[in-house]
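Peer 1: Provided herewith is a single structure, encoded as structure tokens, for subsequent inquiry.
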Amino acid sequence: MRKLFLMCFAFFMALPLLLSQAKAADLQDTRWVTRTDAPIPYVRMVMDLSAPVKAAASISKDGKTTTVTLKNTKLKTSKRNISMDSSIASSAQFVQAGKDVKVTIKTPSALETEDLKVFSLKKDTVNKKPYRIVVDLQKKGVAPKQVNYGKKPSPATLPASSKNAGSGNYSTSGGLKGKVITIDPGHGGSDPGAIGPTGYQEKQATLPISNYLKTALEARGAKVFMTRTTDVDVYGPHASGADELGARVRVANANNSDAFISVHINSFTNPSVGGIATYYYSKTSNDARLAQKIQNEIADTPGFKGDRGIQEGNLYVLRHSKMPAVLVELGFISNPQEERALKNAQTEQDFANRIANGIANYFGG
Ligand SMILES: [Zn+2]
């Protein structure tokens, strides 16, 4: 009885799937980039398709070969073998296997399922992007730092400005009024950033929070520059990490900013992980202080799993900016409760006001 029911169920379920898969899609192009603007660096492969495609992924027993199958797809790109990042995912090979395209990715370290993410993106008429399958492969041996409950490092105990001190002409005191702040809404355009369980994209959260932050800072007399104000790439679509992030840092440097704030949402393979962190890079004696002042305000934002502390991170935008800079990771989009909170405009405003308070405290009120 139970078996019969299941068989009928399978039959009815299979029918619409077969219909939707009737027309083959073309794999038109593929590209990859190493992203270092997240706590764990990763290689992102993007495959352009003429129609939506179902994808399946598997990892070999030794963990060093990942196979992604694009169902009912014709291999129309001339790229058959591409070299990628030798420290994360060294190569990808594309072959037509019957009706499907098989993508074989080699990694120097053994991957586990939590290191691999495969998802689809719809056609984007605004940014002129086709249907896409995206494969993210995380670098092994890098874990996001754990929460240090009750043991927040105080800026005074942190390493001082020994590494290439920021050479910018910036001010660190005298109140927020008249200060120049550059805000960087993470990701955008061709780069959605991390994606939550319901499909909410990191770039959809970072932009409104950044826009609210601009309003909050301007209301207190600051002069604000934005790396972007709409859903676009700053350098250009599908640029390398250095080009895209370099373009963002240039906005801050060119405007002689007193502080640079990059807004991101975190993501992790375990959906129960959550909380709020602020990253800094000790290039001046004020980076950690700015991070701590902001973290003090945002750590207990309602709807999130609390304080993950300030953390030193060798992140491009923090290293190359000439002024004190931070990258806030406002919760985890991979956590269903935090993803839901991030969709709420009230929460986004709350984050903006708290970050503005932290920046004001840093400048001395
Ligand atoms: Zn991000």
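Chain labels run A, B, ... following the order of the structure tokens; each chain numbers its residues from 1, and ligands are numbered from 1 in the order shown.
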Got a sec to check which residues lie within 12 Å of ligand 1, using only C-alpha atoms and all ligand atoms, and send them as a PyMOL selection string?
Peer 2: chain A and resi 35-42+184-188+191-195+201-207+241+245+262-268+279+315+317+327-333
Peer 1: Go ahead and dump the residues you just picked, N, CA and C atoms, as a compact mmCIF listing (two decimals), in the first residue's frame.
Peer 2:
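The resulting file, part-v1.txt, is shown below:
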# COMPACT_ATOMS: atom_id res chain seq x y z
N ARG A 35 37.48 34.67 -4.49
CA ARG A 35 36.94 35.74 -3.65
C ARG A 35 37.63 35.70 -2.30
N THR A 36 38.16 36.84 -1.88
CA THR A 36 38.83 36.90 -0.58
C THR A 36 38.11 37.87 0.34
N ASP A 37 36.92 38.31 -0.05
CA ASP A 37 36.20 39.27 0.78
C ASP A 37 35.24 38.57 1.72
N ALA A 38 35.51 37.31 2.03
CA ALA A 38 34.73 36.58 3.02
C ALA A 38 35.73 35.97 4.00
N PRO A 39 35.27 35.62 5.20
CA PRO A 39 36.21 35.04 6.17
C PRO A 39 36.94 33.80 5.63
N ILE A 40 36.27 33.00 4.80
CA ILE A 40 36.94 31.86 4.17
C ILE A 40 37.03 32.14 2.67
N PRO A 41 38.26 32.22 2.12
CA PRO A 41 38.38 32.46 0.67
C PRO A 41 37.74 31.30 -0.11
N TYR A 42 37.22 31.62 -1.29
CA TYR A 42 36.61 30.56 -2.09
C TYR A 42 36.76 30.88 -3.57
N ASP A 184 30.74 51.13 1.75
CA ASP A 184 30.85 50.16 0.65
C ASP A 184 29.81 49.05 0.83
N PRO A 185 28.68 49.13 0.12
CA PRO A 185 27.70 48.03 0.19
C PRO A 185 28.28 46.80 -0.51
N GLY A 186 28.52 45.73 0.23
CA GLY A 186 29.21 44.56 -0.31
C GLY A 186 28.49 43.95 -1.51
N HIS A 187 29.31 43.49 -2.47
CA HIS A 187 28.80 42.77 -3.67
C HIS A 187 27.92 43.69 -4.53
N GLY A 188 27.07 43.10 -5.38
CA GLY A 188 26.24 43.91 -6.26
C GLY A 188 26.43 43.56 -7.72
N ASP A 191 27.56 40.01 -8.99
CA ASP A 191 27.99 39.25 -7.81
C ASP A 191 26.94 39.34 -6.70
N PRO A 192 26.15 38.28 -6.51
CA PRO A 192 25.11 38.33 -5.48
C PRO A 192 25.64 38.23 -4.06
N GLY A 193 26.91 37.81 -3.90
CA GLY A 193 27.41 37.52 -2.56
C GLY A 193 26.85 36.21 -2.07
N ALA A 194 26.76 36.05 -0.77
CA ALA A 194 26.21 34.80 -0.21
C ALA A 194 24.70 34.76 -0.41
N ILE A 195 24.16 33.54 -0.41
CA ILE A 195 22.72 33.38 -0.68
C ILE A 195 22.09 32.55 0.43
N GLN A 201 19.64 37.27 -1.32
CA GLN A 201 21.04 37.46 -1.68
C GLN A 201 21.69 38.54 -0.80
N GLU A 202 22.95 38.29 -0.49
CA GLU A 202 23.69 39.23 0.36
C GLU A 202 23.61 40.66 -0.17
N LYS A 203 23.72 40.83 -1.50
CA LYS A 203 23.71 42.18 -2.08
C LYS A 203 22.36 42.87 -1.87
N GLN A 204 21.28 42.07 -1.68
CA GLN A 204 19.96 42.67 -1.45
C GLN A 204 19.85 43.24 -0.04
N ALA A 205 20.69 42.76 0.88
CA ALA A 205 20.66 43.27 2.26
C ALA A 205 21.68 44.40 2.45
N THR A 206 22.86 44.28 1.81
CA THR A 206 23.91 45.26 2.07
C THR A 206 23.56 46.65 1.53
N LEU A 207 22.82 46.69 0.41
CA LEU A 207 22.53 48.00 -0.20
C LEU A 207 21.56 48.84 0.65
N GLY A 241 38.74 39.68 -8.32
CA GLY A 241 38.56 40.21 -6.97
C GLY A 241 39.34 41.50 -6.77
N LEU A 245 37.45 44.92 -5.93
CA LEU A 245 37.67 45.46 -4.58
C LEU A 245 38.56 46.70 -4.64
N SER A 262 32.82 48.82 5.12
CA SER A 262 32.33 47.87 4.14
C SER A 262 31.26 47.00 4.79
N VAL A 263 30.11 46.91 4.17
CA VAL A 263 28.95 46.24 4.78
C VAL A 263 28.73 44.88 4.12
N HIS A 264 28.80 43.82 4.89
CA HIS A 264 28.62 42.46 4.39
C HIS A 264 27.72 41.65 5.32
N ILE A 265 27.24 40.53 4.80
CA ILE A 265 26.51 39.55 5.61
C ILE A 265 27.30 38.26 5.52
N ASN A 266 27.47 37.60 6.64
CA ASN A 266 28.26 36.38 6.69
C ASN A 266 27.47 35.18 6.18
N SER A 267 28.17 34.08 5.99
CA SER A 267 27.52 32.84 5.56
C SER A 267 28.38 31.67 5.98
N PHE A 268 27.74 30.56 6.33
CA PHE A 268 28.51 29.38 6.71
C PHE A 268 27.70 28.15 6.34
N TYR A 279 35.38 43.02 11.28
CA TYR A 279 36.76 42.73 10.90
C TYR A 279 37.54 44.02 10.71
N LEU A 315 41.87 41.23 4.84
CA LEU A 315 40.92 41.39 3.73
C LEU A 315 41.34 42.56 2.85
N VAL A 317 39.98 45.01 1.12
CA VAL A 317 39.52 46.40 1.29
C VAL A 317 40.06 47.03 2.57
N LEU A 327 35.18 46.00 8.16
CA LEU A 327 34.20 45.25 7.37
C LEU A 327 33.27 44.59 8.38
N VAL A 328 32.00 45.02 8.36
CA VAL A 328 31.04 44.42 9.31
C VAL A 328 30.38 43.23 8.64
N GLU A 329 30.22 42.15 9.40
CA GLU A 329 29.48 40.97 8.94
C GLU A 329 28.22 40.91 9.80
N LEU A 330 27.12 41.44 9.23
CA LEU A 330 25.88 41.65 9.99
C LEU A 330 25.02 40.40 9.97
N GLY A 331 25.39 39.42 10.77
CA GLY A 331 24.62 38.18 10.84
C GLY A 331 24.99 37.23 9.72
N PHE A 332 24.35 36.09 9.74
CA PHE A 332 24.60 35.03 8.75
C PHE A 332 23.36 34.83 7.89
N ILE A 333 23.50 35.06 6.60
CA ILE A 333 22.38 34.87 5.68
C ILE A 333 22.05 33.38 5.55
Peer 1: Using only C-alpha atoms, which residues sit within 7 Å of region 302-307 of chain A once same-chain residues fewer than 2 positions away are excluded, as a compact mmCIF listing (two decimals) with N, CA, C and O atoms, in the first residue's frame?
Peer 2:
# COMPACT_ATOMS: atom_id res chain seq x y z
N GLY A 274 25.39 31.68 13.77
CA GLY A 274 24.89 33.04 13.57
C GLY A 274 25.69 34.03 14.39
O GLY A 274 26.65 33.65 15.08
N GLY A 275 25.28 35.29 14.32
CA GLY A 275 25.93 36.33 15.12
C GLY A 275 26.62 37.39 14.29
O GLY A 275 26.67 37.31 13.07
N ILE A 276 27.14 38.36 15.00
CA ILE A 276 27.63 39.59 14.36
C ILE A 276 29.11 39.80 14.68
O ILE A 276 29.52 39.65 15.83
N ALA A 277 29.89 40.13 13.66
CA ALA A 277 31.33 40.33 13.85
C ALA A 277 31.78 41.57 13.07
O ALA A 277 31.14 41.97 12.10
N ALA A 299 26.59 44.52 18.30
CA ALA A 299 26.69 43.13 18.76
C ALA A 299 25.36 42.57 19.27
O ALA A 299 25.08 41.39 19.08
N ASP A 300 24.55 43.41 19.93
CA ASP A 300 23.32 42.88 20.53
C ASP A 300 22.07 43.28 19.74
O ASP A 300 20.98 43.39 20.29
N GLY A 309 32.45 39.21 18.27
CA GLY A 309 33.64 39.99 18.57
C GLY A 309 34.26 40.70 17.38
O GLY A 309 33.78 40.60 16.25
N GLY A 331 25.39 39.42 10.77
CA GLY A 331 24.62 38.18 10.84
C GLY A 331 24.99 37.23 9.72
O GLY A 331 25.86 37.53 8.88
N GLU A 338 18.20 34.46 10.90
CA GLU A 338 18.90 35.71 10.61
C GLU A 338 18.60 36.18 9.19
O GLU A 338 18.51 37.38 8.93
N ALA A 341 15.37 37.98 9.50
CA ALA A 341 15.55 39.30 10.13
C ALA A 341 16.13 40.30 9.14
O ALA A 341 15.74 41.47 9.11
Peer 1: Can you list every residue in region 92-321 of chain A that DSSP puts in alpha helix (DSSP H), as a VMD selection string?
Peer 2: chain A and resid 202 to 219 241 to 254 287 to 298 316 to 320
Peer 1: Would you save the residues from that selection as a tab-separated table (two decimals), in the first residue's frame, using C-alpha atoms?
Peer 2:
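Written out: out-v3.tsv:
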chain	number	residue	atom	x	y	z
A	202	GLU	CA	23.69	39.23	0.36
A	203	LYS	CA	23.71	42.18	-2.08
A	204	GLN	CA	19.96	42.67	-1.45
A	205	ALA	CA	20.66	43.27	2.26
A	206	THR	CA	23.91	45.26	2.07
A	207	LEU	CA	22.53	48.00	-0.20
A	208	PRO	CA	19.51	49.13	1.90
A	209	ILE	CA	21.54	48.95	5.14
A	210	SER	CA	24.25	51.10	3.51
A	211	ASN	CA	21.71	53.59	2.19
A	212	TYR	CA	20.14	53.92	5.67
A	213	LEU	CA	23.63	54.34	7.10
A	214	LYS	CA	24.34	57.19	4.66
A	215	THR	CA	21.15	58.95	5.79
A	216	ALA	CA	21.98	58.43	9.48
A	217	LEU	CA	25.54	59.77	9.09
A	218	GLU	CA	24.50	62.76	7.00
A	219	ALA	CA	21.87	63.65	9.60
A	241	GLY	CA	38.56	40.21	-6.97
A	242	ALA	CA	41.45	42.69	-7.03
A	243	ASP	CA	39.87	44.86	-9.77
A	244	GLU	CA	36.44	44.93	-8.15
A	245	LEU	CA	37.67	45.46	-4.58
A	246	GLY	CA	40.36	47.87	-5.77
A	247	ALA	CA	37.67	50.04	-7.38
A	248	ARG	CA	35.84	50.18	-4.04
A	249	VAL	CA	38.96	51.15	-2.08
A	250	ARG	CA	39.75	53.86	-4.66
A	251	VAL	CA	36.48	55.63	-3.82
A	252	ALA	CA	37.57	55.87	-0.18
A	253	ASN	CA	41.18	56.83	-0.95
A	254	ALA	CA	40.35	59.36	-3.69
A	287	ASP	CA	41.57	50.30	12.83
A	288	ALA	CA	40.93	48.08	15.86
A	289	ARG	CA	39.49	50.97	17.84
A	290	LEU	CA	37.03	51.78	15.05
A	291	ALA	CA	36.06	48.09	14.85
A	292	GLN	CA	35.49	47.84	18.61
A	293	LYS	CA	33.40	51.04	18.77
A	294	ILE	CA	31.13	49.75	16.00
A	295	GLN	CA	30.99	46.18	17.33
A	296	ASN	CA	29.99	47.51	20.79
A	297	GLU	CA	26.87	49.01	19.20
A	298	ILE	CA	25.84	46.27	16.75
A	316	TYR	CA	41.66	43.34	0.56
A	317	VAL	CA	39.52	46.40	1.29
A	318	LEU	CA	40.90	46.71	4.81
A	319	ARG	CA	44.52	46.30	3.75
A	320	HIS	CA	44.48	48.70	0.79
Peer 1: Which of region 115-342 of chain A end up as strand (DSSP E) when DSSP is run on this backbone - answer as JSON, numbers by chain?
Peer 2: {"A": [116, 117, 118, 119, 120, 121, 131, 132, 133, 134, 135, 136, 137, 138, 180, 181, 182, 183, 184, 185, 223, 224, 225, 226, 259, 260, 261, 262, 263, 264, 265, 266, 276, 277, 278, 279, 280, 307, 308, 309, 310, 311, 312, 325, 326, 327, 328, 329, 330, 331, 332]}
Peer 1: Could you turn the residues from that selection into a file that holds C-alpha atoms, as a PDB file, in the first residue's frame?
Peer 2:
ATOM      1  CA  LEU A 116      30.818  23.006  -1.762  1.00  0.00           C
ATOM      2  CA  LYS A 117      27.781  25.045  -2.725  1.00  0.00           C
ATOM      3  CA  VAL A 118      25.893  24.792  -6.021  1.00  0.00           C
ATOM      4  CA  PHE A 119      23.002  27.095  -6.792  1.00  0.00           C
ATOM      5  CA  SER A 120      21.162  28.577  -9.740  1.00  0.00           C
ATOM      6  CA  LEU A 121      20.520  32.203 -10.594  1.00  0.00           C
ATOM      7  CA  TYR A 131      20.481  31.938 -16.426  1.00  0.00           C
ATOM      8  CA  ARG A 132      23.461  30.765 -14.381  1.00  0.00           C
ATOM      9  CA  ILE A 133      24.664  27.849 -12.332  1.00  0.00           C
ATOM     10  CA  VAL A 134      27.140  28.948  -9.671  1.00  0.00           C
ATOM     11  CA  VAL A 135      29.615  26.633  -7.930  1.00  0.00           C
ATOM     12  CA  ASP A 136      31.405  27.888  -4.808  1.00  0.00           C
ATOM     13  CA  LEU A 137      34.355  25.878  -3.522  1.00  0.00           C
ATOM     14  CA  GLN A 138      35.767  26.921  -0.156  1.00  0.00           C
ATOM     15  CA  VAL A 180      34.293  62.098   5.417  1.00  0.00           C
ATOM     16  CA  ILE A 181      32.985  58.528   5.489  1.00  0.00           C
ATOM     17  CA  THR A 182      32.970  56.098   2.558  1.00  0.00           C
ATOM     18  CA  ILE A 183      30.406  53.308   2.736  1.00  0.00           C
ATOM     19  CA  ASP A 184      30.851  50.159   0.653  1.00  0.00           C
ATOM     20  CA  PRO A 185      27.704  48.033   0.193  1.00  0.00           C
ATOM     21  CA  LYS A 223      29.989  63.845   4.387  1.00  0.00           C
ATOM     22  CA  VAL A 224      29.317  60.444   2.854  1.00  0.00           C
ATOM     23  CA  PHE A 225      30.606  58.756  -0.302  1.00  0.00           C
ATOM     24  CA  MET A 226      29.199  55.454  -1.535  1.00  0.00           C
ATOM     25  CA  ALA A 259      36.860  56.108   7.738  1.00  0.00           C
ATOM     26  CA  PHE A 260      35.839  53.311   5.385  1.00  0.00           C
ATOM     27  CA  ILE A 261      32.936  50.993   6.228  1.00  0.00           C
ATOM     28  CA  SER A 262      32.326  47.873   4.137  1.00  0.00           C
ATOM     29  CA  VAL A 263      28.952  46.236   4.780  1.00  0.00           C
ATOM     30  CA  HIS A 264      28.617  42.460   4.387  1.00  0.00           C
ATOM     31  CA  ILE A 265      26.511  39.552   5.606  1.00  0.00           C
ATOM     32  CA  ASN A 266      28.263  36.377   6.695  1.00  0.00           C
ATOM     33  CA  ILE A 276      27.632  39.590  14.358  1.00  0.00           C
ATOM     34  CA  ALA A 277      31.330  40.331  13.846  1.00  0.00           C
ATOM     35  CA  THR A 278      33.498  43.274  12.780  1.00  0.00           C
ATOM     36  CA  TYR A 279      36.757  42.728  10.898  1.00  0.00           C
ATOM     37  CA  TYR A 280      39.709  45.097  10.847  1.00  0.00           C
ATOM     38  CA  ASP A 307      28.529  38.888  19.643  1.00  0.00           C
ATOM     39  CA  ARG A 308      31.273  37.197  17.617  1.00  0.00           C
ATOM     40  CA  GLY A 309      33.642  39.994  18.572  1.00  0.00           C
ATOM     41  CA  ILE A 310      36.127  41.995  16.543  1.00  0.00           C
ATOM     42  CA  GLN A 311      38.502  39.924  14.471  1.00  0.00           C
ATOM     43  CA  GLU A 312      41.679  40.754  12.605  1.00  0.00           C
ATOM     44  CA  ALA A 325      38.581  50.736   7.860  1.00  0.00           C
ATOM     45  CA  VAL A 326      36.256  47.967   8.992  1.00  0.00           C
ATOM     46  CA  LEU A 327      34.204  45.248   7.373  1.00  0.00           C
ATOM     47  CA  VAL A 328      31.043  44.423   9.307  1.00  0.00           C
ATOM     48  CA  GLU A 329      29.483  40.966   8.938  1.00  0.00           C
ATOM     49  CA  LEU A 330      25.885  41.652   9.991  1.00  0.00           C
ATOM     50  CA  GLY A 331      24.624  38.183  10.844  1.00  0.00           C
ATOM     51  CA  PHE A 332      24.601  35.027   8.754  1.00  0.00           C
TER      52      PHE A 332
END
Peer 1: Which is closest to Ser109 (chain A) among A:Ile59, A:Leu70, A:Val95, A:Ala356, if we use only C-alpha atoms?
Peer 2: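 Under the stated criterion, the closest residue is A:Ile59.
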Peer 1: Taking only C-alpha atoms into account, name the residue in A:Ala55, A:Gly221, A:Glu348, A:Lys128 that is nearest to Lys102 (chain A).
Peer 2: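 Of A:Ala55, A:Gly221, A:Glu348, A:Lys128, the one nearest Lys102 (chain A), counting only C-alpha atoms, is A:Ala55.
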Peer 1: Tell me, as a PyMOL selection string, which residues lie within 8 Å of Lys54 (chain A), counting only C-alpha atoms; anything in the same chain fewer than 2 positions away does not count.
Peer 2: chain A and resi 52+56+70-71
Peer 1: Could you turn the residues from that selection into a file that holds C-alpha atoms, as a CSV table (one decimal), in the first residue's frame?
Peer 2:
chain,number,residue,atom,x,y,z
A,52,PRO,CA,17.2,27.1,-16.6
A,56,ALA,CA,23.7,17.8,-9.4
A,70,LEU,CA,24.3,20.0,-15.8
A,71,LYS,CA,21.2,18.0,-16.9
Peer 1: One number please: CA of Ser334 (chain A) to CA of Gly196 (chain A), in Å, one decimal.
Peer 2: 4.7 Å
Peer 1: Compile the contact shell of Gly175 (chain A) as a list of chain:residue names: residues with an atom at most 8 Å away, counting only C-alpha atoms, same-chain residues fewer than 4 positions apart removed.
Peer 2: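 Using only C-alpha atoms, the neighbours found are A:Lys179, A:Ala360, A:Asn361, A:Phe363, A:Gly364, A:Gly365.
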Peer 1: To one decimal place, how far is CA of Ala25 (chain A) from CA of Asn81 (chain A) in Å?
Peer 2: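 Separation of CA of Ala25 (chain A) and CA of Asn81 (chain A): 20.2 Å.
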Peer 1: Point out the residue among A:Gly313, A:Pro324, A:Pro336, A:Gly98 with the least atom-to-atom distance to Pro271 (chain A), counting only C-alpha atoms.
Peer 2: A:Pro336
Peer 1: Figure out the distance between CA of Val103 (chain A) and CA of Thr125 (chain A), please, to one decimal in Å.
Peer 2: 26.6 Å
